[in-house]
Protein chains: 6
Amino acid sequence: MSTLKAATRDKLRGVSTATISTALFKRGFRNQCIQDVHPLNPSLGTMVGEAFTLRYIPAREDLNPITVFHDREHPQRKGIEECPPGAVFVVDSRKDPRAASAGAILVSRLMVRGVEGIVTDGGFRDAPEIAKLAIHAFHNRPSAPTNLTCHQAIDTNVPIGCGDAPVFPGDVIVGDGDGVLVIPAHLADEIADEAVEMTAFEDFVAEKVLEGRTIMGLYPPTSEQTRADFAAWRKEKKR
Amino acid sequence: MSTLKAATRDKLRGVSTATISTALFKRGFRNQCIQDVHPLNPSLGTMVGEAFTLRYIPAREDLNPITVFHDREHPQRKGIEECPPGAVFVVDSRKDPRAASAGAILVSRLMVRGVEGIVTDGGFRDAPEIAKLAIHAFHNRPSAPTNLTCHQAIDTNVPIGCGDAPVFPGDVIVGDGDGVLVIPAHLADEIADEAVEMTAFEDFVAEKVLEGRTIMGLYPPTSEQTRADFAAWRKEKKR
Amino acid sequence: MSTLKAATRDKLRGVSTATISTALFKRGFRNQCIQDVHPLNPSLGTMVGEAFTLRYIPAREDLNPITVFHDREHPQRKGIEECPPGAVFVVDSRKDPRAASAGAILVSRLMVRGVEGIVTDGGFRDAPEIAKLAIHAFHNRPSAPTNLTCHQAIDTNVPIGCGDAPVFPGDVIVGDGDGVLVIPAHLADEIADEAVEMTAFEDFVAEKVLEGRTIMGLYPPTSEQTRADFAAWRKEKKR
Amino acid sequence: MSTLKAATRDKLRGVSTATISTALFKRGFRNQCIQDVHPLNPSLGTMVGEAFTLRYIPAREDLNPITVFHDREHPQRKGIEECPPGAVFVVDSRKDPRAASAGAILVSRLMVRGVEGIVTDGGFRDAPEIAKLAIHAFHNRPSAPTNLTCHQAIDTNVPIGCGDAPVFPGDVIVGDGDGVLVIPAHLADEIADEAVEMTAFEDFVAEKVLEGRTIMGLYPPTSEQTRADFAAWRKEKKR
Amino acid sequence: MSTLKAATRDKLRGVSTATISTALFKRGFRNQCIQDVHPLNPSLGTMVGEAFTLRYIPAREDLNPITVFHDREHPQRKGIEECPPGAVFVVDSRKDPRAASAGAILVSRLMVRGVEGIVTDGGFRDAPEIAKLAIHAFHNRPSAPTNLTCHQAIDTNVPIGCGDAPVFPGDVIVGDGDGVLVIPAHLADEIADEAVEMTAFEDFVAEKVLEGRTIMGLYPPTSEQTRADFAAWRKEKKR
Amino acid sequence: MSTLKAATRDKLRGVSTATISTALFKRGFRNQCIQDVHPLNPSLGTMVGEAFTLRYIPAREDLNPITVFHDREHPQRKGIEECPPGAVFVVDSRKDPRAASAGAILVSRLMVRGVEGIVTDGGFRDAPEIAKLAIHAFHNRPSAPTNLTCHQAIDTNVPIGCGDAPVFPGDVIVGDGDGVLVIPAHLADEIADEAVEMTAFEDFVAEKVLEGRTIMGLYPPTSEQTRADFAAWRKEKKR
């Protein structure tokens, strides 16, 4: 279902958003962090999945009666059913948490469908209940009012802005305790590979630093010795 | 004493402010949330009661010596004694918490008289003590100074603004962990009925969603099947 | 029609809000200035009239269709027709200028009816047109949207807050280039008398100070000599 | 080319955004004002045209080299050429004026093509030059930096948010000294008709009020007499 | 009367606060500038006079009835009469301009008594009138309310803070278009001498720089040549 | 003396900072604008020169007696004499205008020495005098106090930050009414060439657009026709 390779997903689950951010910076990306969103259930570990997007615009009253949900083509409801298992549902709420972006029932449905997580730059209703679900969820703050008050779902799976970052459908979203990062889709495999390598090296460095070694020649590995030691360490650790 | 039917009160105690907010939205109400007030004692569950209001205006010095409380007709003191058991005492403090709207003694009196709760868009004195009382209380922030410094109680049980929402005497006030909502009085019974129905349906939906059913045709219940299943579920659950 | 004596009105027209503010201070009033309102037509001189009040609360949608104005009892429209000639129409807009408190047609009607002025702690629509009318008008800032969007007229001629000052119906409102002051009704005559005396005396003092006299015994007039000189000065000046 | 009827356009040019705002309110629209945009050339009179939209998202570095403009399908450039004569080009810049939404050359092109105006909730480069062009332009503030720094043009003629208002392609945009309003497309003709009627009536009322007539029965016209007088006035004035 | 030598006063009138500030810096003084005060009558030239101080504290209501002025020992009134001709009346208003520090009558009295000027880090009432008087006056902004509302005059001629600078009675106050500086009393003569020298030298330097000479050896005058040239220049210019 | 070629300087004088900003963007530079500095003498046209830098750190009292200026090696004074004719003196004042970065005498010396201009992200003393000199000067705001109070000149011609932009000695600084841009030294010639071309082309485009030509194929010039027309236009215009 997912366009994200299982191997890539596994690799990304084992690295941090900090490491990914450095790998992105190396390729010229400075603005791939969804700003000011917070996890409701940080104990679930790292969220990894390709982006499926929902775009809200300011609600126009005549187009947003409660009956809009009877329409099976309503973008929010359709999006909830179409978001692929393993994906992350990313919502452009124009950074406005005065009305909810979604509530516990829809987030439950995403969870049951195997969706990896949901991110909004607005807020969720039923935030305490969502915090008990086994699905990643990131928002700005809790928000009780019905989304229709402020937000009109307008389309799904188009490029959006979320928390000041650009998000294209299929981009790979990674979230952990530090926040949420957006990896451009075509770079996911190479970023994952590189981040795994970086993480192995960072683990090696951390170990050596704690043993008392200087960072000179070690971090980055400019000395022959460091490179030899790292090779030996990898063999020993089978990494 | 209370004009709110016992049955309606019971129904509202079993539903959430989020559900009520949707029921109000269906009838065109977008502005019934008292903004920026926080519960002092969230463990008490859901507050439900009809509004009894107190209106403050900026205090004029000559009219607000400490001796005003000697007058049995002083609106604040009279209001405390006249607020019906089961009602919610709602105070228009012009969103100004620089002086207290009330303190622990008056709130205790309300509690002993069987009043359901108190809400102000200003602040309470003795907030830590109020937080230990068995009465719902919502305010903006604690505030030590005597109310007479800033606030002149001018009348009771007139329409007021509170936290940017309109509050008419007799409106039904519901508060929970998400905040405080104002139900127009003439709609209380039907909103309660509808919210109970909505809650039953939402519980049914939540159960079905966790069992794996799609939200299409389920939420909202546009399919025959859903309506039949829900009828069966209600029968079984006796709801 | 007006409850304000013609003599009192005349006296107040000849004094400044600064002098009135001192006279009020002498009686313990520190909070009688309507804050943050600005005159649209400062060239009209000093505004003097007794307060006729209008109170707005936040608008509830079902109670504020455009048809509310068909009701001859609608508080805003009724107030416009009932405000006595010579009075000042004072509006409690909860310091919210996001929607208009009134527009040019209603202000024109007040003008034609002989009303002295209008003050709101919100904003006017058609502000440029109002600025051309021969009626005093003070507001916070121009505001285009229909009042019904935010403001529900709830009653007239009750005590209100306006710009953080208490305003009771019948209080005497005085406005000039420095702002707007509220004189409690029962003090209007004596404040007017005193302010006229103070103004005469201040003019006398200013003259004497420029002639070189010490302020000791002069300002305030604690010496016999000063009082005698002032009496002579008044006789001479016929003041 | 334009989907807006010439007659409707003419009618809207003769009414104010304040009157339109009331006509929209009557139909339940409270949020059709593009907030916080200012005209660069207010002397051009009233802007009227149907919306043609451009949507920006935050710029991703690899997708926004300067060469994007070589692509004839680049949304900004394509939009400039496709925006119909008589239309208003409305840009969703996410209320971010830190980089330009457009500059003088593109705005000149719109002008030459007969486009009615341009509105952004961001800023323009070359603002002083744009202010000299014979085309309506509204923005938040001048902004020198290249748009590619912050903004990626993503698509044209989709529904957008602009200054917190919803804008659908084909909606009728009206701007004057008070700001910019969005009339839903399907209501343009009837709002135009109604606003013309309202304006005629308001002119009649203003005249009568200045002649001394009460607003009761006049504004709104609940009396037979008013309706008859207005009919006569219209006949006389040929309006 | 004045303790400030006439010669010193004359010298200081001919130099700038900028030059004085450098002379003070040389002696270790970094904080002698009264911050954020503005001249009401900048056309009067440079103000020079020894400080006579008035200290306000926050007003306590019981100690500040209007009758305090009947007391000839009231610090504000006494100060106005005692401030020596030629001195500068410096008021510690705790940088609070919400109530007036003084008004036109008292400032007129200072003027008539031959006082050089008045400085407050608060505000003046009757500011437009004061701006027409022939006396230097510096304040933060105009302020209408009676001083007794906020300020209690507590004593005169004690050390005070004014605009974040320390002011001791007898310190020499100099004010010009750039602001107000405080010269410690015991340094007034030498600062005046030095500033005159510095000004002569700066005029000489400015002339030479414009003629093309390097600042090395010139500014400061570390070369023999510079000192010789300056001596010649002074002889020629008779400075 | 200057390392900047005369031809490059001339070219840059004829283009705008907006055009340069685009040319820099093409090469990946997004942050070369010195933020929040304003020209004192905008009528002098465009400032162009290579950067000669002065770095201030917060002043330590013992290291900043007035006698530091006797030292011919004092960085500020030395810098003033060493800054090459034609260069721009750029001062890192850590965006702190509370004390002066320089005053009129030093700026005069720069002018006489043929220096092109001076830029600080702090403030100048004697700003009104500097505004009358025939040398470009950009600062944040006027500032009277001696620089030694806050700023210690620490070295010259090292890389600095100025107004949030990086500035390396030899970088080419261009300033006009829109602000100040920093061109990395090694790119100055090519940016100048390109900006001249761009400006010629923009002038050509502006002309064609006003004549009615589409921007497609014109801006950017992707069609053969455009390139041919532009070639002809250049020949005709001799550009």
# chains A, B, ... in the order shown; residues from 1 in each chain; ligands from 1
call {"tool": "residues_around", "arguments": {"residues": "A:Ile130", "least_positions_apart": "6", "cutoff": "12 Å", "atoms": "only C-alpha atoms", "output": "PyMOL selection string"}}
result
chain A and resi 39-42+102-111+117-118+123-124+136-139+142
call {"tool": "closest_atom_pairs", "arguments": {"of": "chain F", "to": "chain D", "cutoff": "12 Å", "atoms": "only C-alpha atoms", "output": "CSV"}}
result
residue,atom,partner,partner_atom,distance
F:Ser16,CA,D:Asp126,CA,10.7
F:Thr17,CA,D:Ala144,CA,8.9
F:Ala18,CA,D:Ala144,CA,6.5
F:Thr19,CA,D:Thr146,CA,9.1
F:Ile20,CA,D:Thr146,CA,10.2
F:Ser21,CA,D:Pro145,CA,7.0
F:Thr22,CA,D:Thr146,CA,6.2
F:Ala23,CA,D:Ile66,CA,8.9
F:Leu24,CA,D:Thr146,CA,10.2
F:Phe25,CA,D:Ile66,CA,7.5
F:Lys26,CA,D:Ile66,CA,5.6
F:Arg27,CA,D:Pro65,CA,8.9
F:Gly28,CA,D:Pro65,CA,8.4
F:Phe29,CA,D:Thr149,CA,9.4
F:Arg30,CA,D:Thr149,CA,6.6
F:Asn31,CA,D:Thr149,CA,9.5
F:Gln32,CA,D:Pro145,CA,10.5
F:Cys33,CA,D:Pro145,CA,9.0
F:Gln35,CA,D:Ala144,CA,11.4
F:Asp176,CA,D:Ala144,CA,12.0
F:Gly177,CA,D:Ala144,CA,10.9
F:Asp178,CA,D:Ala144,CA,7.3
F:Gly179,CA,D:Ala144,CA,9.2
F:Val180,CA,D:Ala144,CA,11.4
F:Leu181,CA,D:Pro145,CA,11.0
F:Phe201,CA,D:Ile105,CA,11.5
F:Glu202,CA,D:Ile105,CA,8.1
F:Asp203,CA,D:Ile105,CA,9.5
F:Phe204,CA,D:Ile105,CA,10.7
F:Val205,CA,D:Ile105,CA,7.6
F:Ala206,CA,D:Ile105,CA,6.0
F:Glu207,CA,D:Ile105,CA,9.5
F:Lys208,CA,D:Arg109,CA,9.4
F:Val209,CA,D:Arg109,CA,5.6
F:Leu210,CA,D:Val112,CA,6.3
F:Glu211,CA,D:Val112,CA,7.9
F:Gly212,CA,D:Val112,CA,5.8
F:Arg213,CA,D:Arg109,CA,8.0
F:Thr214,CA,D:Glu81,CA,6.9
F:Ile215,CA,D:Glu81,CA,7.2
F:Met216,CA,D:Arg72,CA,6.5
F:Gly217,CA,D:Arg72,CA,7.7
F:Leu218,CA,D:His70,CA,9.8
F:Tyr219,CA,D:Phe69,CA,7.8
F:Pro220,CA,D:His70,CA,5.9
F:Pro221,CA,D:His70,CA,7.8
F:Thr222,CA,D:His70,CA,6.3
F:Ser223,CA,D:His70,CA,9.9
call {"tool": "residues_around", "arguments": {"residues": "A:Gln76", "least_positions_apart": "4", "cutoff": "8 Å", "atoms": "only C-alpha atoms", "output": "list in words"}}
result
Leu54, Ile80, Ala153, Asp155 and Thr156 of chain A
call {"tool": "write_last_selection", "arguments": {"atoms": "N, CA and C atoms", "output": "JSON list (two decimals), in the first residue's frame"}}
result
[["chain", "number", "residue", "atom", "x", "y", "z"],
["A", 54, "LEU", "N", -4.15, 16.96, 3.99],
["A", 54, "LEU", "CA", -5.50, 17.56, 3.98],
["A", 54, "LEU", "C", -5.31, 19.07, 4.08],
["A", 80, "ILE", "N", -9.63, 10.55, 5.53],
["A", 80, "ILE", "CA", -9.46, 9.60, 6.64],
["A", 80, "ILE", "C", -9.51, 8.16, 6.12],
["A", 153, "ALA", "N", -12.56, 21.93, 4.96],
["A", 153, "ALA", "CA", -11.69, 20.97, 4.27],
["A", 153, "ALA", "C", -11.89, 21.17, 2.78],
["A", 155, "ASP", "N", -9.31, 20.15, 0.00],
["A", 155, "ASP", "CA", -8.86, 19.06, -0.86],
["A", 155, "ASP", "C", -7.83, 18.19, -0.14],
["A", 156, "THR", "N", -7.55, 17.03, -0.73],
["A", 156, "THR", "CA", -6.61, 16.10, -0.11],
["A", 156, "THR", "C", -5.47, 15.84, -1.06]]
call {"tool": "select_by_dssp", "arguments": {"residues": "stretch 2-233 of chain D", "states": "strand (DSSP E)", "output": "PyMOL selection string"}}
result
chain D and resi 33-34+38-39+47-58+88-92+100-102+117-120+123-124+136-139+151-156+160-162+165-167+172-176+179-183
call {"tool": "select_by_dssp", "arguments": {"residues": "stretch 167-225 of chain D", "states": "alpha helix (DSSP H)", "output": "list in words"}}
result
Ala188, Asp189, Glu190, Ile191, Ala192, Asp193, Glu194, Ala195, Val196, Glu197, Met198, Thr199, Ala200, Phe201, Glu202, Asp203, Phe204, Val205, Ala206, Glu207, Lys208, Val209, Leu210, Glu211, Glu224 and Gln225 of chain D
call {"tool": "write_last_selection", "arguments": {"atoms": "N, CA, C and O atoms", "output": "JSON list (two decimals), in the first residue's frame"}}
result
[["chain", "number", "residue", "atom", "x", "y", "z"],
["D", 188, "ALA", "N", -23.43, 37.18, -6.43],
["D", 188, "ALA", "CA", -22.97, 38.49, -6.89],
["D", 188, "ALA", "C", -24.11, 39.33, -7.46],
["D", 188, "ALA", "O", -24.27, 40.51, -7.11],
["D", 189, "ASP", "N", -24.91, 38.72, -8.33],
["D", 189, "ASP", "CA", -25.98, 39.51, -8.96],
["D", 189, "ASP", "C", -26.98, 40.01, -7.92],
["D", 189, "ASP", "O", -27.34, 41.19, -7.90],
["D", 190, "GLU", "N", -27.39, 39.12, -7.05],
["D", 190, "GLU", "CA", -28.42, 39.56, -6.09],
["D", 190, "GLU", "C", -27.85, 40.51, -5.04],
["D", 190, "GLU", "O", -28.55, 41.43, -4.61],
["D", 191, "ILE", "N", -26.60, 40.31, -4.66],
["D", 191, "ILE", "CA", -25.99, 41.27, -3.72],
["D", 191, "ILE", "C", -25.86, 42.63, -4.39],
["D", 191, "ILE", "O", -26.13, 43.67, -3.78],
["D", 192, "ALA", "N", -25.47, 42.62, -5.66],
["D", 192, "ALA", "CA", -25.34, 43.88, -6.39],
["D", 192, "ALA", "C", -26.68, 44.59, -6.46],
["D", 192, "ALA", "O", -26.79, 45.80, -6.17],
["D", 193, "ASP", "N", -27.72, 43.84, -6.84],
["D", 193, "ASP", "CA", -29.06, 44.45, -6.91],
["D", 193, "ASP", "C", -29.46, 44.99, -5.55],
["D", 193, "ASP", "O", -29.93, 46.13, -5.44],
["D", 194, "GLU", "N", -29.26, 44.17, -4.54],
["D", 194, "GLU", "CA", -29.69, 44.59, -3.21],
["D", 194, "GLU", "C", -28.88, 45.78, -2.70],
["D", 194, "GLU", "O", -29.43, 46.70, -2.10],
["D", 195, "ALA", "N", -27.60, 45.77, -2.99],
["D", 195, "ALA", "CA", -26.76, 46.87, -2.51],
["D", 195, "ALA", "C", -27.13, 48.18, -3.20],
["D", 195, "ALA", "O", -27.09, 49.25, -2.59],
["D", 196, "VAL", "N", -27.50, 48.08, -4.48],
["D", 196, "VAL", "CA", -27.95, 49.29, -5.18],
["D", 196, "VAL", "C", -29.23, 49.81, -4.55],
["D", 196, "VAL", "O", -29.37, 51.01, -4.28],
["D", 197, "GLU", "N", -30.13, 48.88, -4.27],
["D", 197, "GLU", "CA", -31.37, 49.28, -3.61],
["D", 197, "GLU", "C", -31.08, 49.89, -2.24],
["D", 197, "GLU", "O", -31.64, 50.91, -1.86],
["D", 198, "MET", "N", -30.21, 49.19, -1.48],
["D", 198, "MET", "CA", -29.89, 49.66, -0.15],
["D", 198, "MET", "C", -29.27, 51.05, -0.20],
["D", 198, "MET", "O", -29.56, 51.91, 0.63],
["D", 199, "THR", "N", -28.41, 51.26, -1.21],
["D", 199, "THR", "CA", -27.73, 52.55, -1.32],
["D", 199, "THR", "C", -28.74, 53.65, -1.65],
["D", 199, "THR", "O", -28.70, 54.74, -1.08],
["D", 200, "ALA", "N", -29.66, 53.33, -2.56],
["D", 200, "ALA", "CA", -30.71, 54.32, -2.88],
["D", 200, "ALA", "C", -31.49, 54.63, -1.61],
["D", 200, "ALA", "O", -31.73, 55.79, -1.27],
["D", 201, "PHE", "N", -31.87, 53.57, -0.90],
["D", 201, "PHE", "CA", -32.66, 53.78, 0.29],
["D", 201, "PHE", "C", -31.88, 54.55, 1.36],
["D", 201, "PHE", "O", -32.41, 55.46, 2.00],
["D", 202, "GLU", "N", -30.62, 54.20, 1.53],
["D", 202, "GLU", "CA", -29.81, 54.91, 2.51],
["D", 202, "GLU", "C", -29.66, 56.40, 2.16],
["D", 202, "GLU", "O", -29.67, 57.26, 3.04],
["D", 203, "ASP", "N", -29.55, 56.67, 0.87],
["D", 203, "ASP", "CA", -29.47, 58.08, 0.45],
["D", 203, "ASP", "C", -30.77, 58.80, 0.77],
["D", 203, "ASP", "O", -30.78, 59.94, 1.24],
["D", 204, "PHE", "N", -31.89, 58.11, 0.49],
["D", 204, "PHE", "CA", -33.21, 58.67, 0.81],
["D", 204, "PHE", "C", -33.33, 58.90, 2.32],
["D", 204, "PHE", "O", -33.74, 59.98, 2.78],
["D", 205, "VAL", "N", -32.94, 57.90, 3.09],
["D", 205, "VAL", "CA", -33.05, 58.03, 4.54],
["D", 205, "VAL", "C", -32.19, 59.18, 5.06],
["D", 205, "VAL", "O", -32.62, 59.97, 5.89],
["D", 206, "ALA", "N", -30.97, 59.24, 4.55],
["D", 206, "ALA", "CA", -30.06, 60.29, 5.02],
["D", 206, "ALA", "C", -30.70, 61.67, 4.77],
["D", 206, "ALA", "O", -30.66, 62.56, 5.63],
["D", 207, "GLU", "N", -31.33, 61.80, 3.60],
["D", 207, "GLU", "CA", -31.99, 63.06, 3.26],
["D", 207, "GLU", "C", -33.13, 63.35, 4.22],
["D", 207, "GLU", "O", -33.27, 64.47, 4.74],
["D", 208, "LYS", "N", -33.93, 62.33, 4.45],
["D", 208, "LYS", "CA", -35.09, 62.53, 5.34],
["D", 208, "LYS", "C", -34.64, 62.80, 6.77],
["D", 208, "LYS", "O", -35.24, 63.61, 7.48],
["D", 209, "VAL", "N", -33.64, 62.08, 7.22],
["D", 209, "VAL", "CA", -33.16, 62.30, 8.58],
["D", 209, "VAL", "C", -32.68, 63.75, 8.74],
["D", 209, "VAL", "O", -32.99, 64.41, 9.73],
["D", 210, "LEU", "N", -31.97, 64.22, 7.74],
["D", 210, "LEU", "CA", -31.49, 65.61, 7.83],
["D", 210, "LEU", "C", -32.64, 66.59, 7.76],
["D", 210, "LEU", "O", -32.55, 67.70, 8.26],
["D", 211, "GLU", "N", -33.76, 66.16, 7.13],
["D", 211, "GLU", "CA", -34.95, 67.01, 7.13],
["D", 211, "GLU", "C", -35.70, 66.93, 8.45],
["D", 211, "GLU", "O", -36.68, 67.66, 8.65],
["D", 224, "GLU", "N", -45.98, 52.26, 6.08],
["D", 224, "GLU", "CA", -46.55, 52.48, 4.73],
["D", 224, "GLU", "C", -46.03, 53.78, 4.14],
["D", 224, "GLU", "O", -45.61, 53.86, 3.00],
["D", 225, "GLN", "N", -46.09, 54.80, 4.99],
["D", 225, "GLN", "CA", -45.73, 56.15, 4.58],
["D", 225, "GLN", "C", -44.30, 56.18, 4.01],
["D", 225, "GLN", "O", -44.03, 56.75, 2.96]]
call {"tool": "decode", "arguments": {"residues": "stretch 119-126 of chain E", "atoms": "all heavy atoms", "output": "CSV table (one decimal), in the first residue's frame"}}
result
chain,number,residue,atom,x,y,z
E,119,VAL,N,12.7,70.0,34.8
E,119,VAL,CA,12.9,68.7,34.1
E,119,VAL,C,12.1,67.6,34.9
E,119,VAL,O,12.3,67.6,36.1
E,119,VAL,CB,14.3,68.2,34.0
E,119,VAL,CG1,14.5,66.9,33.4
E,119,VAL,CG2,15.2,69.3,33.4
E,120,THR,N,11.3,66.8,34.3
E,120,THR,CA,10.6,65.7,35.0
E,120,THR,C,10.7,64.5,34.1
E,120,THR,O,10.7,64.6,32.9
E,120,THR,CB,9.1,66.0,35.3
E,120,THR,OG1,8.6,64.8,36.0
E,120,THR,CG2,8.3,66.2,34.0
E,121,ASP,N,10.9,63.3,34.7
E,121,ASP,CA,10.8,62.1,34.0
E,121,ASP,C,9.4,61.6,33.9
E,121,ASP,O,9.1,60.4,33.5
E,121,ASP,CB,11.8,61.0,34.5
E,121,ASP,CG,11.6,60.7,36.0
E,121,ASP,OD1,10.7,61.3,36.6
E,121,ASP,OD2,12.4,59.9,36.5
E,122,GLY,N,8.4,62.4,34.3
E,122,GLY,CA,7.0,62.2,34.1
E,122,GLY,C,6.5,63.1,33.0
E,122,GLY,O,7.1,63.3,32.0
E,123,GLY,N,5.3,63.7,33.3
E,123,GLY,CA,4.7,64.6,32.3
E,123,GLY,C,4.1,65.9,32.8
E,123,GLY,O,3.9,66.0,34.0
E,124,PHE,N,3.9,66.9,32.0
E,124,PHE,CA,3.3,68.1,32.4
E,124,PHE,C,1.9,68.2,31.9
E,124,PHE,O,1.5,67.7,30.9
E,124,PHE,CB,4.0,69.3,31.8
E,124,PHE,CG,5.5,69.5,32.3
E,124,PHE,CD1,6.5,69.5,31.4
E,124,PHE,CD2,5.7,69.6,33.7
E,124,PHE,CE1,7.8,69.7,31.9
E,124,PHE,CE2,7.0,69.7,34.1
E,124,PHE,CZ,8.1,69.8,33.2
E,125,ARG,N,1.0,68.8,32.8
E,125,ARG,CA,-0.4,69.2,32.3
E,125,ARG,C,-0.2,70.6,31.6
E,125,ARG,O,0.8,71.3,31.8
E,125,ARG,CB,-1.2,69.7,33.5
E,125,ARG,CG,-1.6,68.6,34.5
E,125,ARG,CD,-2.4,69.3,35.6
E,125,ARG,NE,-3.8,68.9,35.4
E,125,ARG,CZ,-4.7,69.2,36.3
E,125,ARG,NH1,-4.4,69.9,37.4
E,125,ARG,NH2,-6.0,68.8,36.1
E,126,ASP,N,-1.1,70.9,30.8
E,126,ASP,CA,-1.1,72.2,30.1
E,126,ASP,C,0.2,72.3,29.3
E,126,ASP,O,0.7,73.4,29.1
E,126,ASP,CB,-1.1,73.4,31.1
E,126,ASP,CG,-2.1,73.2,32.2
E,126,ASP,OD1,-3.3,72.8,31.9
E,126,ASP,OD2,-1.8,73.6,33.4
